[in-house]
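Okay, start_29.pdb now, which holds PDB, C-alpha atoms and all ligand atoms:
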ATOM      1  CA  MET A   1     -15.044  40.366  -9.867
ATOM      2  CA  GLU A   2     -15.384  39.687 -13.614
ATOM      3  CA  ASN A   3     -18.481  38.114 -15.131
ATOM      4  CA  SER A   4     -20.613  37.950 -12.014
ATOM      5  CA  PHE A   5     -23.461  36.509 -14.144
ATOM      6  CA  ILE A   6     -21.707  33.137 -14.196
ATOM      7  CA  GLU A   7     -21.286  33.114 -10.426
ATOM      8  CA  ASN A   8     -23.375  29.976 -10.069
ATOM      9  CA  LYS A   9     -21.431  27.921 -12.617
ATOM     10  CA  LYS A  10     -19.406  25.134 -11.045
ATOM     11  CA  ILE A  11     -16.238  23.429 -12.142
ATOM     12  CA  LEU A  12     -14.298  20.447 -10.813
ATOM     13  CA  ILE A  13     -10.560  20.592 -11.548
ATOM     14  CA  THR A  14      -8.510  17.561 -10.499
ATOM     15  CA  GLY A  15      -4.963  18.270  -9.313
ATOM     16  CA  GLY A  16      -5.528  21.924  -8.452
ATOM     17  CA  THR A  17      -2.733  22.224  -5.900
ATOM     18  CA  SER A  18       0.135  22.834  -8.324
ATOM     19  CA  GLY A  19       1.169  23.735 -11.884
ATOM     20  CA  LEU A  20      -1.528  24.002 -14.554
ATOM     21  CA  GLY A  21      -4.275  22.876 -12.159
ATOM     22  CA  LEU A  22      -3.496  25.664  -9.695
ATOM     23  CA  GLU A  23      -3.533  28.256 -12.505
ATOM     24  CA  LEU A  24      -6.874  26.902 -13.712
ATOM     25  CA  VAL A  25      -8.278  27.090 -10.178
ATOM     26  CA  LYS A  26      -7.191  30.724  -9.827
ATOM     27  CA  LEU A  27      -8.424  31.669 -13.307
ATOM     28  CA  PHE A  28     -11.889  30.149 -12.877
ATOM     29  CA  LEU A  29     -12.201  31.748  -9.415
ATOM     30  CA  ASN A  30     -11.256  35.133 -10.859
ATOM     31  CA  LYS A  31     -13.868  34.643 -13.581
ATOM     32  CA  GLY A  32     -16.555  34.156 -10.908
ATOM     33  CA  TYR A  33     -16.956  30.364 -10.937
ATOM     34  CA  TYR A  34     -17.448  28.079  -7.925
ATOM     35  CA  VAL A  35     -14.371  25.839  -7.996
ATOM     36  CA  VAL A  36     -13.994  22.384  -6.487
ATOM     37  CA  THR A  37     -10.568  20.833  -6.724
ATOM     38  CA  THR A  38      -8.644  17.769  -5.560
ATOM     39  CA  GLY A  39      -5.086  17.018  -4.516
ATOM     40  CA  ARG A  40      -3.060  15.400  -1.777
ATOM     41  CA  LYS A  41      -1.531  18.656  -0.574
ATOM     42  CA  SER A  42      -3.446  21.441   1.142
ATOM     43  CA  LEU A  43      -4.244  24.773  -0.502
ATOM     44  CA  THR A  44      -5.842  27.939   0.840
ATOM     45  CA  LEU A  45      -6.833  30.800  -1.424
ATOM     46  CA  GLN A  46      -7.689  33.819   0.637
ATOM     47  CA  GLY A  47     -10.766  35.773  -0.353
ATOM     48  CA  PHE A  48     -12.390  32.825  -2.151
ATOM     49  CA  GLU A  49     -13.506  30.720   0.846
ATOM     50  CA  GLU A  50     -17.175  30.866  -0.225
ATOM     51  CA  ARG A  51     -16.535  29.664  -3.770
ATOM     52  CA  PHE A  52     -13.632  27.281  -3.311
ATOM     53  CA  LYS A  53     -13.425  23.767  -1.905
ATOM     54  CA  LEU A  54     -10.474  21.375  -1.871
ATOM     55  CA  TYR A  55     -10.925  17.642  -1.293
ATOM     56  CA  ASN A  56      -7.825  15.686  -0.328
ATOM     57  CA  VAL A  57      -7.631  12.419  -2.221
ATOM     58  CA  ASP A  58      -4.911  10.213  -3.634
ATOM     59  CA  PHE A  59      -5.808   8.763  -7.038
ATOM     60  CA  SER A  60      -3.506   5.814  -6.448
ATOM     61  CA  ASP A  61      -6.363   4.437  -4.306
ATOM     62  CA  LEU A  62      -9.474   3.716  -6.409
ATOM     63  CA  GLN A  63     -11.784   3.073  -3.468
ATOM     64  CA  LEU A  64     -10.827   6.368  -1.810
ATOM     65  CA  THR A  65     -11.114   8.187  -5.150
ATOM     66  CA  ALA A  66     -14.629   6.822  -5.727
ATOM     67  CA  LYS A  67     -15.715   7.603  -2.144
ATOM     68  CA  THR A  68     -14.453  11.188  -2.426
ATOM     69  CA  ILE A  69     -16.045  11.844  -5.826
ATOM     70  CA  LYS A  70     -19.370  10.404  -4.647
ATOM     71  CA  GLN A  71     -19.135  12.700  -1.606
ATOM     72  CA  ILE A  72     -18.385  15.662  -3.909
ATOM     73  CA  CYS A  73     -21.390  14.770  -6.081
ATOM     74  CA  GLU A  74     -23.664  14.818  -2.999
ATOM     75  CA  SER A  75     -22.963  18.566  -2.627
ATOM     76  CA  HIS A  76     -22.131  19.773  -6.129
ATOM     77  CA  GLU A  77     -23.437  19.549  -9.678
ATOM     78  CA  PHE A  78     -20.926  20.630 -12.311
ATOM     79  CA  ASP A  79     -21.060  22.554 -15.574
ATOM     80  CA  PHE A  80     -17.424  21.735 -16.321
ATOM     81  CA  VAL A  81     -14.894  19.111 -15.268
ATOM     82  CA  ILE A  82     -11.171  19.241 -16.038
ATOM     83  CA  ASN A  83      -9.215  15.995 -15.714
ATOM     84  CA  ASN A  84      -5.876  17.599 -14.964
ATOM     85  CA  ALA A  85      -4.108  15.636 -12.201
ATOM     86  CA  GLY A  86      -1.182  13.673 -13.527
ATOM     87  CA  ILE A  87       2.372  12.567 -13.017
ATOM     88  CA  LEU A  88       5.378  11.867 -15.197
ATOM     89  CA  SER A  89       6.053   8.162 -14.805
ATOM     90  CA  PRO A  90       8.597   7.303 -12.128
ATOM     91  CA  TYR A  91      11.875   5.889 -13.391
ATOM     92  CA  ARG A  92      11.144   2.502 -11.880
ATOM     93  CA  TYR A  93       7.921   0.509 -12.034
ATOM     94  CA  THR A  94       5.712   1.576  -9.121
ATOM     95  CA  SER A  95       2.494  -0.080  -7.966
ATOM     96  CA  THR A  96      -0.575   1.623  -6.561
ATOM     97  CA  ASN A  97      -2.629   0.436  -3.564
ATOM     98  CA  ASP A  98      -4.776  -1.357  -6.150
ATOM     99  CA  GLY A  99      -1.796  -3.278  -7.548
ATOM    100  CA  LEU A 100      -1.803  -1.367 -10.858
ATOM    101  CA  GLU A 101       0.982   0.596 -12.531
ATOM    102  CA  TYR A 102       1.043   4.080 -10.932
ATOM    103  CA  THR A 103       0.949   6.364 -14.016
ATOM    104  CA  TYR A 104      -1.772   4.348 -15.721
ATOM    105  CA  GLN A 105      -3.962   4.593 -12.620
ATOM    106  CA  VAL A 106      -3.376   8.242 -11.618
ATOM    107  CA  ASN A 107      -3.341   9.774 -15.114
ATOM    108  CA  PHE A 108      -6.022   7.661 -16.725
ATOM    109  CA  LEU A 109      -7.984   4.999 -14.810
ATOM    110  CA  ALA A 110      -8.832   7.213 -11.803
ATOM    111  CA  HIS A 111     -10.158   9.831 -14.248
ATOM    112  CA  LEU A 112     -12.262   7.263 -16.102
ATOM    113  CA  LEU A 113     -13.755   6.353 -12.711
ATOM    114  CA  ILE A 114     -14.273  10.016 -11.753
ATOM    115  CA  ASN A 115     -15.983  10.860 -15.054
ATOM    116  CA  GLU A 116     -18.254   7.814 -14.904
ATOM    117  CA  ILE A 117     -19.328   8.605 -11.335
ATOM    118  CA  ILE A 118     -20.109  12.212 -12.247
ATOM    119  CA  ILE A 119     -21.997  11.239 -15.411
ATOM    120  CA  ILE A 120     -24.000   8.589 -13.522
ATOM    121  CA  LYS A 121     -24.737  10.807 -10.508
ATOM    122  CA  GLN A 122     -25.456  14.033 -12.316
ATOM    123  CA  ALA A 123     -28.918  14.569 -13.756
ATOM    124  CA  ASP A 124     -28.962  15.068 -17.527
ATOM    125  CA  VAL A 125     -30.799  18.360 -17.259
ATOM    126  CA  LYS A 126     -27.919  20.726 -17.628
ATOM    127  CA  PRO A 127     -25.061  20.479 -20.111
ATOM    128  CA  LEU A 128     -21.785  19.013 -18.858
ATOM    129  CA  LYS A 129     -18.412  19.520 -20.536
ATOM    130  CA  ILE A 130     -15.403  17.381 -19.624
ATOM    131  CA  ALA A 131     -11.877  18.360 -20.701
ATOM    132  CA  ALA A 132      -8.911  16.066 -20.101
ATOM    133  CA  ILE A 133      -5.261  17.093 -20.254
ATOM    134  CA  THR A 134      -3.263  14.885 -22.559
ATOM    135  CA  SER A 135       0.274  15.586 -23.841
ATOM    136  CA  PRO A 136       2.102  15.958 -27.168
ATOM    137  CA  VAL A 137       3.730  12.586 -26.415
ATOM    138  CA  TYR A 138       0.449  10.692 -26.780
ATOM    139  CA  ARG A 139       1.546  10.258 -30.397
ATOM    140  CA  LEU A 140       4.477   8.093 -29.244
ATOM    141  CA  ALA A 141       2.190   5.661 -27.482
ATOM    142  CA  ARG A 142       2.611   2.058 -28.431
ATOM    143  CA  HIS A 143      -0.783   0.444 -28.363
ATOM    144  CA  VAL A 144      -3.991  -0.012 -26.500
ATOM    145  CA  SER A 145      -3.204  -2.766 -24.090
ATOM    146  CA  LYS A 146      -2.204  -3.030 -20.489
ATOM    147  CA  SER A 147       1.149  -4.693 -21.216
ATOM    148  CA  HIS A 148       2.848  -1.941 -19.186
ATOM    149  CA  GLN A 149       1.323  -3.658 -16.155
ATOM    150  CA  ASN A 150       4.035  -6.184 -16.819
ATOM    151  CA  GLU A 151       7.002  -4.913 -14.806
ATOM    152  CA  SER A 152       9.594  -6.371 -17.170
ATOM    153  CA  GLU A 153       8.137  -4.351 -20.097
ATOM    154  CA  TYR A 154       8.059  -1.073 -18.151
ATOM    155  CA  ARG A 155       9.664   1.945 -19.900
ATOM    156  CA  HIS A 156       8.843   5.109 -18.009
ATOM    157  CA  ILE A 157       8.564   7.537 -20.953
ATOM    158  CA  MET A 158       6.486   5.087 -22.974
ATOM    159  CA  THR A 159       4.241   4.407 -20.004
ATOM    160  CA  TYR A 160       3.555   8.134 -19.643
ATOM    161  CA  SER A 161       2.842   8.390 -23.404
ATOM    162  CA  ASP A 162       0.484   5.420 -23.215
ATOM    163  CA  SER A 163      -1.385   6.966 -20.281
ATOM    164  CA  LYS A 164      -1.874  10.174 -22.270
ATOM    165  CA  LEU A 165      -3.116   8.265 -25.327
ATOM    166  CA  TYR A 166      -5.644   6.528 -23.054
ATOM    167  CA  VAL A 167      -6.802   9.933 -21.771
ATOM    168  CA  ALA A 168      -7.434  11.114 -25.340
ATOM    169  CA  LEU A 169      -9.166   7.835 -26.233
ATOM    170  CA  MET A 170     -11.276   8.127 -23.069
ATOM    171  CA  CYS A 171     -12.739  11.413 -24.326
ATOM    172  CA  ARG A 172     -13.595   9.853 -27.683
ATOM    173  CA  HIS A 173     -15.038   6.814 -25.920
ATOM    174  CA  LEU A 174     -17.210   8.832 -23.483
ATOM    175  CA  ALA A 175     -18.472  11.025 -26.338
ATOM    176  CA  ALA A 176     -19.647   7.909 -28.199
ATOM    177  CA  ALA A 177     -20.921   6.016 -25.150
ATOM    178  CA  TYR A 178     -23.018   8.970 -23.929
ATOM    179  CA  HIS A 179     -23.944  10.562 -27.269
ATOM    180  CA  GLU A 180     -27.570  10.777 -26.126
ATOM    181  CA  ARG A 181     -26.608  12.734 -23.023
ATOM    182  CA  ASN A 182     -26.102  16.463 -22.797
ATOM    183  CA  LEU A 183     -22.358  15.845 -22.568
ATOM    184  CA  LYS A 184     -19.309  17.081 -24.486
ATOM    185  CA  THR A 185     -15.834  15.702 -23.880
ATOM    186  CA  PHE A 186     -12.513  16.628 -25.433
ATOM    187  CA  SER A 187      -8.823  16.308 -24.686
ATOM    188  CA  PHE A 188      -6.345  19.150 -24.713
ATOM    189  CA  ILE A 189      -2.627  19.131 -25.598
ATOM    190  CA  PRO A 190      -1.024  21.890 -23.541
ATOM    191  CA  GLY A 191       2.484  21.666 -25.029
ATOM    192  CA  ILE A 192       5.389  21.769 -22.575
ATOM    193  CA  PHE A 193       5.302  24.173 -19.620
ATOM    194  CA  GLY A 194       7.014  24.767 -16.276
ATOM    195  CA  SER A 195       5.347  23.071 -13.288
ATOM    196  CA  GLY A 196       5.988  20.634 -10.432
ATOM    197  CA  ILE A 197       5.694  17.595 -12.711
ATOM    198  CA  TYR A 198       9.346  16.617 -12.262
ATOM    199  CA  ARG A 199       8.827  15.618  -8.631
ATOM    200  CA  MET A 200       8.722  11.819  -9.115
ATOM    201  CA  GLN A 201      11.875  11.915 -11.276
ATOM    202  CA  GLY A 202      15.521  11.402 -10.320
ATOM    203  CA  LYS A 203      17.996  14.096  -9.260
ATOM    204  CA  THR A 204      19.451  14.598 -12.771
ATOM    205  CA  PHE A 205      15.990  15.244 -14.197
ATOM    206  CA  HIS A 206      15.269  17.729 -11.361
ATOM    207  CA  PHE A 207      18.499  19.558 -12.164
ATOM    208  CA  LEU A 208      17.855  19.742 -15.937
ATOM    209  CA  TYR A 209      14.210  20.664 -15.428
ATOM    210  CA  ARG A 210      15.074  23.591 -13.149
ATOM    211  CA  ILE A 211      17.480  24.937 -15.787
ATOM    212  CA  ALA A 212      14.908  24.610 -18.582
ATOM    213  CA  ALA A 213      11.828  25.766 -16.629
ATOM    214  CA  PRO A 214      12.310  29.551 -17.098
ATOM    215  CA  PHE A 215      12.316  29.021 -20.897
ATOM    216  CA  MET A 216       9.137  26.964 -20.930
ATOM    217  CA  ARG A 217       5.599  28.289 -21.377
ATOM    218  CA  ARG A 218       3.923  29.570 -18.233
ATOM    219  CA  PRO A 219       0.992  27.438 -17.035
ATOM    220  CA  SER A 220      -1.074  30.625 -16.499
ATOM    221  CA  LYS A 221      -1.028  31.222 -20.303
ATOM    222  CA  ILE A 222      -2.108  27.647 -20.989
ATOM    223  CA  ALA A 223      -4.933  27.951 -18.463
ATOM    224  CA  ILE A 224      -6.317  30.932 -20.439
ATOM    225  CA  VAL A 225      -6.372  28.938 -23.701
ATOM    226  CA  LEU A 226      -8.132  26.014 -22.048
ATOM    227  CA  PHE A 227     -10.626  28.401 -20.421
ATOM    228  CA  GLU A 228     -11.436  29.854 -23.854
ATOM    229  CA  ILE A 229     -11.857  26.435 -25.479
ATOM    230  CA  LEU A 230     -13.978  25.082 -22.643
ATOM    231  CA  THR A 231     -16.269  28.046 -22.200
ATOM    232  CA  GLY A 232     -16.285  29.747 -25.581
ATOM    233  CA  MET A 233     -15.766  27.387 -28.514
ATOM    234  CA  GLU A 234     -18.093  25.191 -30.530
ATOM    235  CA  LEU A 235     -16.601  21.773 -29.758
ATOM    236  CA  THR A 236     -16.430  18.539 -31.709
ATOM    237  CA  ASN A 237     -17.399  15.838 -29.249
ATOM    238  CA  GLY A 238     -14.486  13.498 -28.408
ATOM    239  CA  ALA A 239     -11.870  15.511 -30.336
ATOM    240  CA  VAL A 240      -8.304  16.447 -29.349
ATOM    241  CA  TYR A 241      -7.445  20.171 -29.349
ATOM    242  CA  SER A 242      -4.015  21.781 -29.407
ATOM    243  CA  ILE A 243      -2.767  24.873 -27.613
ATOM    244  CA  ARG A 244      -3.552  26.713 -30.890
ATOM    245  CA  LYS A 245      -7.188  25.545 -30.598
ATOM    246  CA  LYS A 246      -6.791  23.303 -33.650
ATOM    247  CA  LYS A 247      -8.198  19.797 -33.843
ATOM    248  CA  LYS A 248      -5.464  17.136 -33.940
ATOM    249  CA  HIS A 249      -5.451  13.659 -35.359
ATOM    250  CA  LEU A 250      -6.185  10.769 -33.019
ATOM    251  CA  ARG A 251      -5.445   7.483 -34.641
ATOM    252  CA  LYS A 252      -7.997   4.728 -34.904
ATOM    253  CA  PHE A 253      -7.381   1.270 -33.499
ATOM    254  CA  LYS A 254      -9.069  -1.974 -34.493
ATOM    255  CA  THR A 255     -12.483  -2.231 -32.858
ATOM    256  CA  SER A 256     -11.589  -5.651 -31.423
ATOM    257  CA  LEU A 257      -8.573  -4.075 -29.660
ATOM    258  CA  THR A 258     -10.461  -1.102 -28.255
ATOM    259  CA  ASP A 259     -13.425  -3.262 -27.176
ATOM    260  CA  ALA A 260     -11.066  -5.498 -25.200
ATOM    261  CA  PHE A 261      -9.269  -2.461 -23.792
ATOM    262  CA  TRP A 262     -12.479  -0.820 -22.523
ATOM    263  CA  LYS A 263     -13.757  -4.084 -21.107
ATOM    264  CA  GLU A 264     -10.556  -4.512 -19.066
ATOM    265  CA  ASN A 265     -10.745  -0.948 -17.775
ATOM    266  CA  TYR A 266     -14.443  -1.050 -16.917
ATOM    267  CA  ASP A 267     -13.925  -4.383 -15.126
ATOM    268  CA  LEU A 268     -11.355  -2.609 -12.924
ATOM    269  CA  ILE A 269     -13.577   0.350 -12.016
ATOM    270  CA  ALA A 270     -16.910  -1.528 -11.863
ATOM    271  CA  PRO A 271     -16.658  -2.342  -8.105
ATOM    272  CA  PHE A 272     -16.438   1.383  -7.320
ATOM    273  CA  LEU A 273     -19.239   2.733  -9.534
ATOM    274  CA  PRO A 274     -22.527   3.881  -7.933
TER     275      PRO A 274
HETATM  276  N1  LIG B 301       4.281  20.121 -17.383
HETATM  277  C1  LIG B 301       4.229  19.812 -18.667
HETATM  278  O1  LIG B 301       5.094  20.194 -19.485
HETATM  279  C2  LIG B 301       3.094  18.997 -19.195
HETATM  280  C3  LIG B 301       3.038  18.712 -20.574
HETATM  281  C4  LIG B 301       1.967  17.992 -21.080
HETATM  282  C5  LIG B 301       0.957  17.561 -20.234
HETATM  283  N2  LIG B 301       1.042  17.833 -18.897
HETATM  284  C6  LIG B 301      -0.052  17.376 -18.052
HETATM  285  O2  LIG B 301      -0.608  18.499 -17.366
HETATM  286  C7  LIG B 301      -1.267  18.030 -16.180
HETATM  287  C8  LIG B 301      -0.860  18.917 -15.012
HETATM  288  O3  LIG B 301       0.506  18.677 -14.718
HETATM  289  P1  LIG B 301       1.509  19.803 -14.200
HETATM  290  O4  LIG B 301       2.608  19.848 -15.173
HETATM  291  O5  LIG B 301       0.784  21.022 -13.837
HETATM  292  O6  LIG B 301       2.105  19.025 -12.925
HETATM  293  P2  LIG B 301       2.127  19.315 -11.372
HETATM  294  O7  LIG B 301       2.543  20.735 -11.092
HETATM  295  O8  LIG B 301       2.949  18.227 -10.797
HETATM  296  O9  LIG B 301       0.603  19.136 -10.930
HETATM  297  C9  LIG B 301       0.029  17.852 -10.904
HETATM  298  C10 LIG B 301      -1.234  17.860 -10.066
HETATM  299  O10 LIG B 301      -1.701  16.500 -10.011
HETATM  300  C11 LIG B 301      -1.927  16.121  -8.645
HETATM  301  N3  LIG B 301      -1.559  14.729  -8.408
HETATM  302  C12 LIG B 301      -0.362  14.129  -8.692
HETATM  303  N4  LIG B 301      -0.371  12.864  -8.244
HETATM  304  C13 LIG B 301      -1.582  12.662  -7.661
HETATM  305  C14 LIG B 301      -2.177  11.543  -7.011
HETATM  306  N5  LIG B 301      -1.522  10.385  -6.819
HETATM  307  N6  LIG B 301      -3.438  11.677  -6.535
HETATM  308  C15 LIG B 301      -4.112  12.841  -6.678
HETATM  309  N7  LIG B 301      -3.601  13.935  -7.287
HETATM  310  C16 LIG B 301      -2.339  13.843  -7.770
HETATM  311  C17 LIG B 301      -1.009  17.028  -7.833
HETATM  312  O11 LIG B 301      -1.577  17.248  -6.551
HETATM  313  P3  LIG B 301      -0.920  16.753  -5.158
HETATM  314  O12 LIG B 301       0.552  16.738  -5.321
HETATM  315  O13 LIG B 301      -1.461  17.735  -4.155
HETATM  316  O14 LIG B 301      -1.490  15.391  -4.983
HETATM  317  C18 LIG B 301      -0.990  18.327  -8.631
HETATM  318  O15 LIG B 301      -2.023  19.176  -8.213
HETATM  319  C19 LIG B 301      -0.863  16.566 -16.004
HETATM  320  O16 LIG B 301      -1.920  15.754 -16.462
HETATM  321  C20 LIG B 301       0.338  16.420 -16.940
HETATM  322  O17 LIG B 301       0.498  15.102 -17.411
HETATM  323  C21 LIG B 301       2.081  18.541 -18.357
END
For this file, write the structure as C-alpha cells.
Amino acid sequence: MENSFIENKKILITGGTSGLGLELVKLFLNKGYYVVTTGRKSLTLQGFEERFKLYNVDFSDLQLTAKTIKQICESHEFDFVINNAGILSPYRYTSTNDGLEYTYQVNFLAHLLINEIIIIKQADVKPLKIAAITSPVYRLARHVSKSHQNESEYRHIMTYSDSKLYVALMCRHLAAAYHERNLKTFSFIPGIFGSGIYRMQGKTFHFLYRIAAPFMRRPSKIAIVLFEILTGMELTNGAVYSIRKKKKHLRKFKTSLTDAFWKENYDLIAPFLP
C-alpha cells in the first residue's frame, strides 16, 4: 500500500458507486485513506473491507439524507469531503419526495445540507477540506433564483447548468460563512468524461453517448487531478479550479439576489439540520 502514513485520514465521497466517484473511491483507498461513500446501488471492493464503508441513501429525500449523514458523523470525522453525486437533468420536469425539482435537489441542495451537517457536527480541531464537482456548463447558468421550480419554465440543460452554478456558489458561500473555521472549500470543473451520467436521459442520448464515450476523458485521470488539488495544493478558499488546476472566474451577483437565494435554500434545509 502507498503512503501508509496517511492511513488514518478519512474522506467522504458522495456518489461513489459509479463514474468519477467510483474512481475517486478506488484512488483514495489505494493511497491508504479510510473511505466512506454514498449511493443508492451497492458496491463491494474486495481487500478494502476495513477501510471502506458504503451508506445507501437517495438524495431526492432530504430527511433520509440528513438522517444518514448524521449517522455517518456519529462514527466518522473527515479530513476531506467530495460532493460528487449528481445527475444530468431528466428531459421532463421531475419532482423529488420533497416536492422540489430533482436536479436542483440531488446536485445542489442535498450537498448544501450534507456540508452543513458535517461542519456543524465536526469539531473545529482538525482542518476540513470540501471539494464539490461542478461542470463547464455552470457558465451557461441563467441566474440565482429557483424559477426552475416552476414546471412551465423547465429546460433540462439549463436546469443542470443552474445546479452546477449553485454548487460553485455554495463553495464560495461556505468559505465566507465559515471563514473563522479551519475549513477550505472549492469547486472543481472536471471537463467532459465517460461515465454513467446518461442514465436519466432518453434513448437517443444513450445511443449518442455510447458512441462518444470511448473518445472522452477517462474518469480515473480526472480523479488523479482532483486528488492532487485536494491533498497537495495551496488553495484559495471558495475558488473554482479547472482540470488544469487553474483558478476560473465565477461571476458575482447582486448581494440582494444572493442573500434572497441563500435564505430560500437555508429555509428548505433548516428542518433537517442538527
Ligand atoms: N460525466 C461528465 O462528463 C461530467 C461532466 C461535468 C461534471 N460531471 C459531474 O461529475 C459528477 C459525477 O458524475 P459521473 O459523470 O461520474 O456520473 P455517474 O457515473 O452517473 O455517477 C453519479 C453518482 O451519483 C450518484 N447519484 C445519482 N443520483 C443520486 C441520488 N438521487 N441519490 C444519491 N446518489 C445519487 C450515483 O449513485 P447511485 O446510482 O448508486 O445512486 C453515482 O454514484 C456529477 O456531479 C456530474 O454532474 C460529470
Set out as a tab-separated table a contact list for chain A and ligand LIG 301 (chain B) with a cut-off of 7 Å, giving each residue of chain A that qualifies its closest atom pair and distance in Å to one decimal, counting all atoms listed in the file, ordered by chain and rising residue number.
residue	atom	partner	partner_atom	distance
A:Thr14	CA	B:LIG301	N7	6.9
A:Gly15	CA	B:LIG301	O15	3.3
A:Gly16	CA	B:LIG301	O15	4.5
A:Thr17	CA	B:LIG301	O15	3.9
A:Ser18	CA	B:LIG301	O7	4.2
A:Gly19	CA	B:LIG301	O5	3.4
A:Leu20	CA	B:LIG301	O5	3.8
A:Gly21	CA	B:LIG301	O5	5.6
A:Leu22	CA	B:LIG301	O15	6.8
A:Thr38	CA	B:LIG301	N7	6.6
A:Gly39	CA	B:LIG301	O13	3.7
A:Arg40	CA	B:LIG301	O14	3.6
A:Lys41	CA	B:LIG301	O13	3.7
A:Ser42	CA	B:LIG301	O13	6.8
A:Val57	CA	B:LIG301	C15	5.7
A:Asp58	CA	B:LIG301	N6	3.6
A:Phe59	CA	B:LIG301	N6	3.8
A:Ser60	CA	B:LIG301	N5	5.0
A:Asn84	CA	B:LIG301	O16	4.6
A:Ala85	CA	B:LIG301	O10	3.4
A:Gly86	CA	B:LIG301	O16	3.7
A:Ile87	CA	B:LIG301	C12	5.3
A:Leu88	CA	B:LIG301	O17	6.3
A:Val106	CA	B:LIG301	N5	5.6
A:Asn107	CA	B:LIG301	O16	6.3
A:Ile133	CA	B:LIG301	O16	5.2
A:Thr134	CA	B:LIG301	C5	5.5
A:Ser135	CA	B:LIG301	C4	4.0
A:Pro136	CA	B:LIG301	C4	6.4
A:Ile189	CA	B:LIG301	C4	6.5
A:Pro190	CA	B:LIG301	C4	5.5
A:Gly191	CA	B:LIG301	C3	5.4
A:Ile192	CA	B:LIG301	O1	3.5
A:Phe193	CA	B:LIG301	O1	4.0
A:Gly194	CA	B:LIG301	N1	5.5
A:Ser195	CA	B:LIG301	O7	4.3
A:Gly196	CA	B:LIG301	O7	3.5
A:Ile197	CA	B:LIG301	O8	3.4
A:Tyr198	CA	B:LIG301	O8	6.8
A:Arg199	CA	B:LIG301	O8	6.8
Export, as an mmCIF file, in the coordinates of the input, the selected residues with C-alpha atoms.
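Generated file (again.cif):
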data_model
loop_
_atom_site.group_PDB
_atom_site.id
_atom_site.type_symbol
_atom_site.label_atom_id
_atom_site.label_comp_id
_atom_site.auth_asym_id
_atom_site.auth_seq_id
_atom_site.Cartn_x
_atom_site.Cartn_y
_atom_site.Cartn_z
ATOM 1 C CA THR A 14 -8.510 17.561 -10.499
ATOM 2 C CA GLY A 15 -4.963 18.270 -9.313
ATOM 3 C CA GLY A 16 -5.528 21.924 -8.452
ATOM 4 C CA THR A 17 -2.733 22.224 -5.900
ATOM 5 C CA SER A 18 0.135 22.834 -8.324
ATOM 6 C CA GLY A 19 1.169 23.735 -11.884
ATOM 7 C CA LEU A 20 -1.528 24.002 -14.554
ATOM 8 C CA GLY A 21 -4.275 22.876 -12.159
ATOM 9 C CA LEU A 22 -3.496 25.664 -9.695
ATOM 10 C CA THR A 38 -8.644 17.769 -5.560
ATOM 11 C CA GLY A 39 -5.086 17.018 -4.516
ATOM 12 C CA ARG A 40 -3.060 15.400 -1.777
ATOM 13 C CA LYS A 41 -1.531 18.656 -0.574
ATOM 14 C CA SER A 42 -3.446 21.441 1.142
ATOM 15 C CA VAL A 57 -7.631 12.419 -2.221
ATOM 16 C CA ASP A 58 -4.911 10.213 -3.634
ATOM 17 C CA PHE A 59 -5.808 8.763 -7.038
ATOM 18 C CA SER A 60 -3.506 5.814 -6.448
ATOM 19 C CA ASN A 84 -5.876 17.599 -14.964
ATOM 20 C CA ALA A 85 -4.108 15.636 -12.201
ATOM 21 C CA GLY A 86 -1.182 13.673 -13.527
ATOM 22 C CA ILE A 87 2.372 12.567 -13.017
ATOM 23 C CA LEU A 88 5.378 11.867 -15.197
ATOM 24 C CA VAL A 106 -3.376 8.242 -11.618
ATOM 25 C CA ASN A 107 -3.341 9.774 -15.114
ATOM 26 C CA ILE A 133 -5.261 17.093 -20.254
ATOM 27 C CA THR A 134 -3.263 14.885 -22.559
ATOM 28 C CA SER A 135 0.274 15.586 -23.841
ATOM 29 C CA PRO A 136 2.102 15.958 -27.168
ATOM 30 C CA ILE A 189 -2.627 19.131 -25.598
ATOM 31 C CA PRO A 190 -1.024 21.890 -23.541
ATOM 32 C CA GLY A 191 2.484 21.666 -25.029
ATOM 33 C CA ILE A 192 5.389 21.769 -22.575
ATOM 34 C CA PHE A 193 5.302 24.173 -19.620
ATOM 35 C CA GLY A 194 7.014 24.767 -16.276
ATOM 36 C CA SER A 195 5.347 23.071 -13.288
ATOM 37 C CA GLY A 196 5.988 20.634 -10.432
ATOM 38 C CA ILE A 197 5.694 17.595 -12.711
ATOM 39 C CA TYR A 198 9.346 16.617 -12.262
ATOM 40 C CA ARG A 199 8.827 15.618 -8.631
#
Within-12 Å shell of (2.1, 10.4, -29.7) in input frame, all atoms listed in the file, as a list in words: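 Every polymer residue passing the test: Thr134, Ser135, Pro136, Val137, Tyr138, Arg139, Leu140, Ala141, Arg142, His143, Ile157, Met158, Thr159, Tyr160, Ser161, Asp162, Ser163, Lys164, Leu165, Tyr166, Val167, Ala168, Ile189, Lys248, His249, Leu250 and Arg251 of chain A.
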Evaluate the PyMOL selection byres (((chain A and resi 109) around 12) and not hetatm) and report residues as JSON, numbers by chain: {"A": [59, 60, 61, 62, 65, 66, 83, 85, 86, 96, 98, 100, 101, 102, 103, 104, 105, 106, 107, 108, 110, 111, 112, 113, 114, 115, 116, 146, 162, 163, 164, 166, 167, 169, 170, 261, 262, 264, 265, 266, 267, 268, 269, 270, 272]}
Please indicate the distance in Å from CA of Gln201 in chain A to CA of Tyr55 in chain A, rounded to one decimal place.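 These atoms are spaced 25.5 Å apart.
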Mind telling me what the PyMOL selection byres (((chain A and resi 73-77) around 9) and not hetatm) catches here, as a ChimeraX atom specification? /A:10-11,36,68-72,78-79,117-118,121-123
4 Å per side around range 269-273 of chain A: axis-aligned box centre and edge lengths, as lines of an AutoDock Vina configuration file:
center_x = -16.4
center_y = 0.2
center_z = -9.7
size_x = 13.7
size_y = 13.1
size_z = 12.7
Please identify all polymer residues within 8 Å of Leu128 in chain A, counting all atoms listed in the file, omitting same-chain residues fewer than 2 positions from it, and present them as a PyMOL selection string. chain A and resi 78-81+126+130+182-184
Residues selected by the PyMOL selection byres (((chain A and resi 226) around 9) and not hetatm), written as a list in words: Leu24, Ala131, Phe188, Pro190, Lys221, Ile222, Ala223, Ile224, Val225, Phe227, Glu228, Ile229, Leu230, Thr231, Ile243 and Lys245 of chain A
